[in-house]
Amino acid sequence: ILSGIEISYKLDTLNESVISSSREQGMRIIAQMSKTIDDFKNFFRADKNYVTCTISDVVDQALSIIEPTIKSKGIIINLYSLENSKIYCLKNELSQVIVNILANSMDAIVENRIENGEISISMENKNNNSIILIGDNAGGINSDIIEKIFEPYFTTKEENSGTGIGLYMSKIIIEKHMKGKLEVENSLLGASFKISIPN
């Protein structure tokens, strides 16, 4: 957002509308970051805040946080909604899982220097489950380690760049707290994560 303001200033296109929309977007992201901190503070509490919402609501919430960063890397996000079913879930925690997966895809595309990087998100309802599929074209996960990526402290990132906690906590959120399933496999182009939540 700050880079966008700087570019607008240099191009002499900075006006009240640009500043206003940038401020609104920034405040929305700050509010969500604050909520994320609260979510992690309450991670091990027994009284979870379950709500009824649509899967697109959750995806939209996640995108409102990370989409500007992804686009700033020149990566395209393709969104496909085959069926927008309602789910009873931990909306904020599920949104955080999606943010984490999207961030990993973004990092893989950047680290592998993929030209025309793309991330796809599709939503569907199948066998009484709401399914969110997140795929990228970063080349996939090495077959030697793909079974380990949900283990605590396992990371493929350079030293001091990753903790390995993100996907481990994501799996706990989906499978322990929401009785769903979080899986990963390699597609022809890259990694494909599948989140299944019972309807």
# chains A, B, ... in the order shown; residues from 1 in each chain; ligands from 1

$ residues_around --residues "region 177-189 of chain A" --least-positions-apart "5" --cutoff "9 Å" --atoms "only C-alpha atoms" --output "ChimeraX atom specification"
/A:48,88-90,94,129,135-143,146-147,170-172,194-198

$ select_by_dssp --residues "region 14-162 of chain A" --states "strand (DSSP E)" --output "number ranges by chain"
A: 51-54, 76-81, 86-89, 118-126, 129-136

$ closest_residue --among "A:Tyr168, A:Phe150, A:Asn100, A:Val110" --to "Ser72 (chain A)" --atoms "only C-alpha atoms"
A:Val110

$ closest_residue --among "A:Ile1, A:Ile145, A:Ile173, A:Leu82" --to "Ile55 (chain A)" --atoms "only C-alpha atoms"
A:Leu82

$ atom_distance --atom1 "CA of Asn104 (chain A)" --atom2 "CA of Asp144 (chain A)"
18.0 Å

$ closest_residue --among "A:Asp57, A:Asp107, A:Pro68, A:Ile132" --to "Tyr80 (chain A)" --atoms "only C-alpha atoms"
A:Ile132

$ atom_distance --atom1 "CA of Arg23 (chain A)" --atom2 "CA of Ile70 (chain A)"
18.7 Å
